[in-house]
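With mmCIF, C-alpha atoms inside, this is upload.cif:
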```
data_protein
#
loop_
_atom_site.label_atom_id
_atom_site.label_comp_id
_atom_site.auth_asym_id
_atom_site.auth_seq_id
_atom_site.Cartn_x
_atom_site.Cartn_y
_atom_site.Cartn_z
CA MET O 1 160.07 35.92 103.42
CA ARG O 2 156.51 36.62 104.29
CA THR O 3 157.58 38.94 107.10
CA SER O 4 159.91 40.95 104.83
CA VAL O 5 157.27 41.23 102.12
CA ILE O 6 154.69 42.47 104.57
CA THR O 7 157.14 44.99 106.02
CA ALA O 8 158.04 46.30 102.59
CA PHE O 9 154.35 46.59 101.66
CA ALA O 10 153.63 48.52 104.86
CA LYS O 11 156.46 50.95 104.08
CA ASN O 12 155.16 51.50 100.53
CA ALA O 13 151.62 51.96 101.87
CA ARG O 14 152.81 54.62 104.31
CA SER O 15 154.64 56.50 101.58
CA LEU O 16 151.57 56.36 99.34
CA SER O 17 149.38 57.54 102.21
CA GLY O 18 151.64 60.54 102.79
CA ARG O 19 151.54 61.50 99.13
CA ARG O 20 147.76 61.27 99.11
CA ARG O 21 147.57 63.53 102.13
CA LEU O 22 149.74 66.13 100.43
CA ALA O 23 147.60 65.95 97.29
CA THR O 24 144.44 66.31 99.36
CA ILE O 25 145.82 69.36 101.19
CA ALA O 26 146.89 70.97 97.92
CA ALA O 27 143.49 70.36 96.33
CA THR O 28 141.73 71.80 99.37
CA ALA O 29 143.87 74.93 99.24
CA LEU O 30 143.12 75.44 95.55
CA LEU O 31 139.39 75.02 96.13
CA ALA O 32 139.42 77.43 99.05
CA GLY O 33 141.27 80.00 96.99
CA GLY O 34 138.84 79.59 94.11
CA VAL O 35 135.83 80.05 96.41
CA GLN O 36 137.36 83.20 97.86
CA LEU O 37 137.90 84.63 94.40
CA ILE O 38 134.35 83.81 93.38
CA THR O 39 132.74 85.30 96.49
CA ALA O 40 135.07 88.27 96.81
CA ASP O 41 133.95 91.77 95.84
CA SER O 42 134.29 92.04 92.10
CA SER O 43 134.99 95.78 92.20
CA TRP O 44 138.66 95.06 91.72
CA ALA O 45 137.83 93.78 88.23
CA CYS O 46 135.27 96.49 87.49
CA GLY O 47 136.17 100.08 86.81
CA ASP O 48 134.64 103.07 85.03
CA TYR O 49 137.01 105.88 84.19
CA ARG O 50 134.07 108.10 83.17
CA VAL O 51 132.79 108.66 86.74
CA ASP O 52 135.57 111.12 87.63
CA GLY O 53 135.41 112.95 84.30
CA PRO O 54 135.10 114.71 82.07
CA HIS O 55 138.30 113.49 80.44
CA PRO O 56 140.11 114.68 77.33
CA ALA O 57 141.14 112.26 74.63
CA ALA O 58 143.79 109.77 75.61
CA ALA O 59 147.30 111.16 75.41
CA GLY O 60 150.17 109.41 73.69
CA THR O 61 147.91 107.92 71.03
CA SER O 62 147.83 109.04 67.44
CA VAL O 63 144.65 110.72 66.34
CA GLU O 64 143.94 107.98 63.84
CA GLU O 65 143.84 105.42 66.64
CA LEU O 66 141.49 107.33 68.93
CA ALA O 67 137.77 106.80 69.41
CA PRO O 68 135.39 109.67 68.64
CA ASP O 69 134.67 112.33 71.26
CA ALA O 70 131.35 112.38 73.14
CA ALA O 71 129.76 115.32 74.93
CA VAL O 72 126.51 115.98 76.79
CA LEU O 73 124.86 119.04 75.29
CA PRO O 74 123.52 121.70 77.68
CA THR O 75 120.56 120.29 79.58
CA LYS O 76 118.49 120.98 82.69
CA SER O 77 120.52 121.09 85.86
CA THR O 78 117.65 119.76 87.98
CA ALA O 79 115.40 116.72 87.86
CA THR O 80 112.56 115.46 90.02
CA ALA O 81 112.17 111.90 91.23
CA ASP O 82 108.52 111.56 90.24
CA GLY O 83 108.68 109.53 87.04
CA THR O 84 108.74 112.50 84.65
CA TRP O 85 111.00 112.36 81.59
CA ASN O 86 114.18 114.44 81.22
CA GLU O 87 115.70 114.72 77.76
CA VAL O 88 119.44 114.64 77.16
CA ALA O 89 121.25 115.13 73.85
CA VAL O 90 124.67 113.54 73.28
CA LYS O 91 126.92 114.74 70.44
CA VAL O 92 129.56 112.40 69.02
CA THR O 93 132.32 113.98 66.92
CA ASN O 94 134.81 112.13 64.73
CA LYS O 95 138.11 113.99 64.39
CA THR O 96 140.33 110.97 63.88
CA GLY O 97 141.20 111.76 60.27
CA ALA O 98 139.35 108.72 58.95
CA ASP O 99 135.85 107.40 58.86
CA ALA O 100 134.89 105.66 62.10
CA HIS O 101 133.04 102.38 61.75
CA GLY O 102 131.05 100.58 64.41
CA VAL O 103 130.84 103.57 66.77
CA GLN O 104 128.92 102.79 69.94
CA THR O 105 127.77 105.63 72.22
CA SER O 106 127.20 105.13 75.94
CA PHE O 107 124.86 106.93 78.32
CA SER O 108 124.87 106.29 82.05
CA ILE O 109 123.59 107.78 85.30
CA HIS O 110 126.09 107.82 88.13
CA THR O 111 125.37 108.35 91.84
CA PRO O 112 128.34 110.13 93.40
CA GLY O 113 129.38 109.63 97.01
CA THR O 114 129.37 106.55 99.21
CA GLY O 115 125.83 106.37 100.57
CA ALA O 116 122.75 104.98 98.87
CA SER O 117 122.73 104.91 95.07
CA LEU O 118 120.14 104.60 92.35
CA ARG O 119 119.12 101.07 91.46
CA THR O 120 118.12 99.71 88.09
CA GLN O 121 114.45 99.67 89.15
CA ASP O 122 114.70 103.39 89.95
CA VAL O 123 115.78 104.43 86.45
CA ARG O 124 114.01 104.27 83.08
CA ILE O 125 115.91 105.14 79.91
CA GLN O 126 114.74 105.63 76.34
CA VAL O 127 116.48 106.52 73.08
CA GLN O 128 114.95 108.25 70.07
CA GLU O 129 115.18 106.44 66.77
CA ASN O 130 113.52 107.82 63.65
CA GLY O 131 111.43 110.17 65.76
CA THR O 132 110.13 107.41 68.07
CA TRP O 133 111.12 106.86 71.68
CA LYS O 134 112.16 103.30 72.41
CA ASN O 135 112.85 101.66 75.74
CA VAL O 136 116.34 100.44 76.47
CA PRO O 137 117.17 98.23 79.47
CA SER O 138 118.64 99.74 82.60
CA LEU O 139 121.75 97.75 83.48
CA ALA O 140 123.79 97.75 86.66
CA GLY O 141 127.20 99.14 85.81
CA CYS O 142 130.45 99.53 87.67
CA LEU O 143 131.03 102.04 90.46
CA ARG O 144 127.43 103.03 91.24
CA THR O 145 126.19 103.56 87.70
CA VAL O 146 123.05 102.57 85.84
CA ASP O 147 123.92 102.07 82.17
CA ALA O 148 121.64 102.33 79.17
CA GLY O 149 121.69 99.01 77.37
CA TYR O 150 122.01 100.75 74.00
CA GLU O 151 124.13 98.70 71.63
CA GLN O 152 123.34 100.39 68.33
CA ARG O 153 126.49 100.88 66.26
CA GLN O 154 126.86 103.36 63.42
CA ARG O 155 129.34 104.88 61.04
CA ILE O 156 130.53 108.45 61.50
CA ASP O 157 132.43 110.09 58.68
CA ASN O 158 135.60 112.01 59.36
CA ASN O 159 135.11 115.57 60.62
CA SER O 160 131.39 115.00 61.14
CA THR O 161 129.10 114.75 64.15
CA VAL O 162 126.09 112.69 65.12
CA THR O 163 123.59 113.70 67.81
CA LEU O 164 121.69 111.09 69.79
CA LYS O 165 118.75 111.86 72.03
CA PHE O 166 118.19 110.03 75.29
CA ARG O 167 115.71 110.63 78.05
CA TYR O 168 115.55 109.29 81.58
CA SER O 169 113.15 109.27 84.51
CA ILE O 170 113.73 108.66 88.21
CA ALA O 171 111.04 106.83 90.16
CA ALA O 172 109.44 108.36 93.24
CA THR O 173 110.49 105.23 95.16
CA SER O 174 114.19 105.94 94.68
CA PRO O 175 116.32 106.50 97.81
CA LYS O 176 115.44 109.84 99.36
CA ASN O 177 119.03 110.65 100.28
CA VAL O 178 120.18 110.59 96.65
CA ASN O 179 120.22 114.31 95.88
CA THR O 180 122.80 114.47 93.08
CA ILE O 181 123.34 112.43 89.93
CA ASP O 182 125.89 112.58 87.10
CA LEU O 183 125.04 112.13 83.42
CA ILE O 184 128.09 110.56 81.76
CA THR O 185 128.85 109.53 78.19
CA ASP O 186 131.62 108.35 75.93
CA ALA O 187 132.01 106.71 72.51
CA TRP O 188 133.99 103.77 71.23
CA ARG O 189 134.79 102.31 67.85
CA GLN O 190 136.16 99.05 66.61
CA GLY O 191 139.94 98.98 66.43
CA ALA O 192 140.49 102.09 68.56
CA ALA O 193 143.65 102.07 70.65
CA GLY O 194 142.66 104.99 72.88
CA THR O 195 139.57 106.68 74.22
CA GLY O 196 138.18 109.92 72.91
CA ALA O 197 136.96 112.75 75.09
CA THR O 198 134.31 111.86 77.65
CA ASP O 199 131.79 114.10 79.38
CA LEU O 200 129.99 114.41 82.71
CA LYS O 201 127.16 116.75 83.71
CA THR O 202 125.92 117.01 87.32
CA VAL O 203 122.17 117.27 87.96
CA LYS O 204 120.48 118.11 91.25
CA LEU O 205 117.76 115.59 92.11
CA THR O 206 114.73 116.58 94.19
CA HIS O 207 112.11 114.31 95.67
CA THR O 208 108.40 114.95 95.89
CA GLN O 209 106.97 115.38 99.36
CA THR O 210 104.18 112.92 100.03
CA THR O 211 101.71 114.25 102.59
CA THR O 212 99.36 111.98 104.47
CA PRO O 213 95.81 113.38 104.66
CA LYS O 214 94.83 114.39 108.19
CA PRO O 215 92.02 112.22 109.55
CA ALA O 216 88.77 113.99 110.18
CA ASP O 217 87.98 114.88 113.81
CA THR O 218 84.91 112.85 114.63
CA THR O 219 84.52 114.40 118.10
CA LYS O 220 83.35 117.69 116.70
CA PRO O 221 80.03 118.02 114.93
CA THR O 222 80.49 118.50 111.24
CA ALA O 223 77.45 120.75 110.98
CA LYS O 224 75.61 122.99 113.37
CA PRO O 225 72.45 121.42 114.75
CA THR O 226 69.41 122.89 113.18
CA THR O 227 66.91 124.59 115.45
CA PRO O 228 63.59 122.78 115.32
CA ALA O 229 60.99 124.80 113.58
CA LYS O 230 58.38 126.35 115.79
CA PRO O 231 54.92 124.89 115.35
CA ALA O 232 52.82 127.10 113.24
CA ALA O 233 50.16 128.92 115.12
CA PRO O 234 46.71 127.80 114.15
CA LYS O 235 45.36 130.04 111.59
CA PRO O 236 42.18 131.82 112.65
CA ALA O 237 39.10 130.72 110.95
CA ALA O 238 38.35 132.57 107.87
CA ASP O 239 36.64 135.78 108.59
CA GLN O 240 33.05 135.15 108.26
CA THR O 241 30.81 138.05 107.80
CA THR O 242 28.12 137.80 110.38
CA THR O 243 24.85 138.95 109.31
CA ALA O 244 22.38 139.87 111.93
CA ALA O 245 19.44 137.54 111.89
CA PRO O 246 16.16 139.31 111.61
CA LYS O 247 14.42 139.51 114.93
CA PRO O 248 11.18 137.65 115.12
CA ALA O 249 8.13 139.65 115.57
CA GLU O 250 7.24 137.94 118.82
CA ALA O 251 9.34 138.12 121.95
CA PRO O 252 11.85 135.27 122.35
CA LYS O 253 11.17 132.65 124.93
CA ALA O 254 13.78 131.81 127.50
CA THR O 255 15.24 128.42 126.67
CA ALA O 256 17.93 126.42 128.41
CA THR O 257 21.14 126.25 126.51
CA THR O 258 22.65 122.81 126.06
CA PRO O 259 26.30 122.32 125.21
CA SER O 260 26.77 121.49 121.63
CA ALA O 261 28.34 118.13 120.83
CA ALA O 262 31.85 118.16 119.43
CA PRO O 263 31.80 118.09 115.68
CA ALA O 264 32.54 114.67 114.28
CA THR O 265 35.81 114.48 112.47
CA THR O 266 35.67 112.74 109.20
CA ALA O 267 38.74 110.98 107.80
CA PRO O 268 40.02 112.08 104.45
CA ALA O 269 38.79 110.26 101.42
CA GLY O 270 40.62 106.98 100.80
CA THR O 271 41.77 106.51 104.44
CA PRO O 272 40.62 103.16 105.96
CA GLU O 273 38.66 103.62 109.11
CA LEU O 274 39.61 101.68 112.26
CA ALA O 275 37.07 99.82 114.40
CA GLN O 276 36.26 101.67 117.55
CA THR O 277 36.58 99.58 120.73
CA GLY O 278 35.91 100.47 124.29
CA ALA O 279 34.31 99.32 127.53
CA HIS O 280 30.88 99.78 126.09
CA THR O 281 31.46 97.59 123.02
CA PRO O 282 30.54 93.87 122.69
CA ASN O 283 34.26 92.93 122.72
CA THR O 284 34.38 93.37 126.50
CA LEU O 285 31.50 90.94 127.04
CA LEU O 286 33.12 88.33 124.82
CA ALA O 287 36.41 88.61 126.67
CA ALA O 288 34.74 88.19 130.08
CA THR O 289 32.78 85.12 128.89
CA ALA O 290 35.91 83.51 127.51
CA ALA O 291 37.79 84.05 130.76
CA ALA O 292 34.95 82.47 132.77
CA LEU O 293 34.84 79.42 130.53
CA LEU O 294 38.58 78.98 130.85
CA ALA O 295 38.36 79.14 134.64
CA LEU O 296 35.56 76.56 134.74
CA GLY O 297 37.43 74.21 132.44
CA ALA O 298 40.59 74.45 134.55
CA GLY O 299 38.63 73.75 137.74
CA ALA O 300 36.94 70.72 136.24
CA LEU O 301 40.27 69.33 135.05
CA ILE O 302 41.80 69.67 138.52
CA ALA O 303 38.78 68.00 140.15
CA VAL O 304 38.97 65.02 137.78
CA ARG O 305 42.67 64.53 138.52
CA ARG O 306 42.02 64.55 142.28
CA MET O 307 39.24 61.97 141.99
CA ARG O 308 41.55 59.68 140.00
CA GLY O 309 44.20 60.06 142.68
CA GLN O 310 41.79 59.09 145.45
CA ARG O 311 40.80 55.91 143.62
#
```
Would it be possible to restate this file's structure as structure tokens?
Amino acid sequence: MRTSVITAFAKNARSLSGRRRLATIAATALLAGGVQLITADSSWACGDYRVDGPHPAAAGTSVEELAPDAAVLPTKSTATADGTWNEVAVKVTNKTGADAHGVQTSFSIHTPGTGASLRTQDVRIQVQENGTWKNVPSLAGCLRTVDAGYEQRQRIDNNSTVTLKFRYSIAATSPKNVNTIDLITDAWRQGAAGTGATDLKTVKLTHTQTTTPKPADTTKPTAKPTTPAKPAAPKPAADQTTTAAPKPAEAPKATATTPSAAPATTAPAGTPELAQTGAHTPNTLLAATAAALLALGAGALIAVRRMRGQR
């Protein structure tokens, strides 16, 4: 009995173990598939029909079910990536036959091609409300677009238009190989079953050339050396009118002429005079006496040391 029970238990345990393995494999496959979906490129779920526009209103939809039309009014065809503002006007027209409620207008900047594209930090966008420019966030959109985070909704009566003013700037640090951008817009309303007309305007983008200042050449002198001024020639003594001394009545005696001593130069007033020293001054005698005393003292000291050594 014990043997049969144990055998039956082992068979049940094996069957349970097999089921657990299958469940584990299935769970692993589901997790792997989920991770692949999470990490996969999300472009398959992200699309923007505006980037290959402009498009007319959606066909096959009654006018009453369409969203209003949006168009970019004529604007500059060039822009410079140096942070300057570029204004853009967008006109939204309601021709649906009924008043449109909750109309939201979009404005985006698209980088065509497959190379580098503008990033959110490269683009600044503002919208004008009541005569004042207000910042709106630059959001990363689908298919190489930077979208204006403008969520203001408004009502547009039937057969009427509303004009919105945007402006954008491109930073000087934007990719240098982005030379063309597209300004795209559309409008949407609550309850619309089809899109209205969209618009796209292409703008040529130029980049400022930054020049590095050339370092100065330190090997060449910056200024010509100045020629030292020639010493001024001593001016002749002022002309002195010599008057002939009256001759004495008696005949002059022959006297020996002695050379006249050099005139003593006197220092200007206020200049301290220095003591004059020389071989004939008492300083020489004092120095000789001091040297003799030092020699005698040194000799006496040596003699005393020798006597102590002999003892």
Open item on the list: Once the PyMOL selection byres ((chain O and resi 80) around 6) is applied to the coordinates I shared, what remains selected? I want it as an MDAnalysis selection string.
Closed with: chainID O and resid 79 81:82 205:207
Using 7 Å as the limit and counting only C-alpha atoms, can you tabulate each residue of region 160-202 of chain O that touches region 125-138 of chain O, with its shortest atom-to-atom distance in Å and the two atoms involved, as JSON lines?
```
{"residue": "O:Lys165", "atom": "CA", "partner": "O:Gln128", "partner_atom": "CA", "distance": 5.6}
{"residue": "O:Phe166", "atom": "CA", "partner": "O:Val127", "partner_atom": "CA", "distance": 4.5}
{"residue": "O:Arg167", "atom": "CA", "partner": "O:Gln126", "partner_atom": "CA", "distance": 5.4}
{"residue": "O:Tyr168", "atom": "CA", "partner": "O:Ile125", "partner_atom": "CA", "distance": 4.5}
{"residue": "O:Ser169", "atom": "CA", "partner": "O:Ile125", "partner_atom": "CA", "distance": 6.8}
```
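Of note, CA of Ser106 (chain O) and CA of Trp188 (chain O) are spaced 8.4 Å apart.
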TODO: Determine the residue membership of the PyMOL selection byres ((chain O and resi 175) around 8) for the file above and supply it as an NGL selection string.
DONE: :O and (116-118 or 173-174 or 176-178)
List every residue of region 169-207 of chain O that has an atom at most 12 Å from any atom of region 65-76 of chain O, giving for each one its closest atom pair and the distance in Å to one decimal, counting all atoms listed in the file, sorted by chain and then by ascending residue number, as a tab-separated table.
```
residue	atom	partner	partner_atom	distance
O:Asp182	CA	O:Val72	CA	10.9
O:Leu183	CA	O:Val72	CA	7.8
O:Ile184	CA	O:Val72	CA	7.5
O:Thr185	CA	O:Ala70	CA	6.3
O:Asp186	CA	O:Ala70	CA	4.9
O:Ala187	CA	O:Ala70	CA	5.7
O:Trp188	CA	O:Ala67	CA	5.2
O:Arg189	CA	O:Ala67	CA	5.6
O:Gln190	CA	O:Ala67	CA	8.4
O:Gly191	CA	O:Glu65	CA	7.5
O:Ala192	CA	O:Glu65	CA	5.1
O:Ala193	CA	O:Glu65	CA	5.2
O:Gly194	CA	O:Leu66	CA	4.7
O:Thr195	CA	O:Ala67	CA	5.1
O:Gly196	CA	O:Asp69	CA	4.6
O:Ala197	CA	O:Asp69	CA	4.5
O:Thr198	CA	O:Ala70	CA	5.4
O:Asp199	CA	O:Ala71	CA	5.0
O:Leu200	CA	O:Val72	CA	7.0
O:Lys201	CA	O:Val72	CA	7.0
O:Thr202	CA	O:Lys76	CA	9.6
O:Val203	CA	O:Lys76	CA	7.4
O:Lys204	CA	O:Lys76	CA	9.2
O:Leu205	CA	O:Lys76	CA	10.9
```
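Compared by their closest atoms to Asn86 (chain O), and using all atoms listed in the file, the residues O:Cys46, O:Val123, O:Gln209, O:Val162 rank with O:Val123 nearest.
We find CA of Val92 (chain O) and CA of Thr111 (chain O) to be spaced 23.6 Å apart.
With CA of Glu64 (chain O) on one side and CA of Gly149 (chain O) on the other, the separation reads 27.5 Å.
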TODO: Go through O:Gly299, O:Leu139, O:His55, O:Arg144 one by one, measure the shortest atom-to-atom distance of each to Thr114 (chain O) using only C-alpha atoms, and give the residue with the smallest value.
DONE: O:Arg144
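Across O:Gly297, O:Val146, O:Ala58, O:Ala291, the tightest approach to Gln121 (chain O) is made by O:Val146 when counting only C-alpha atoms.
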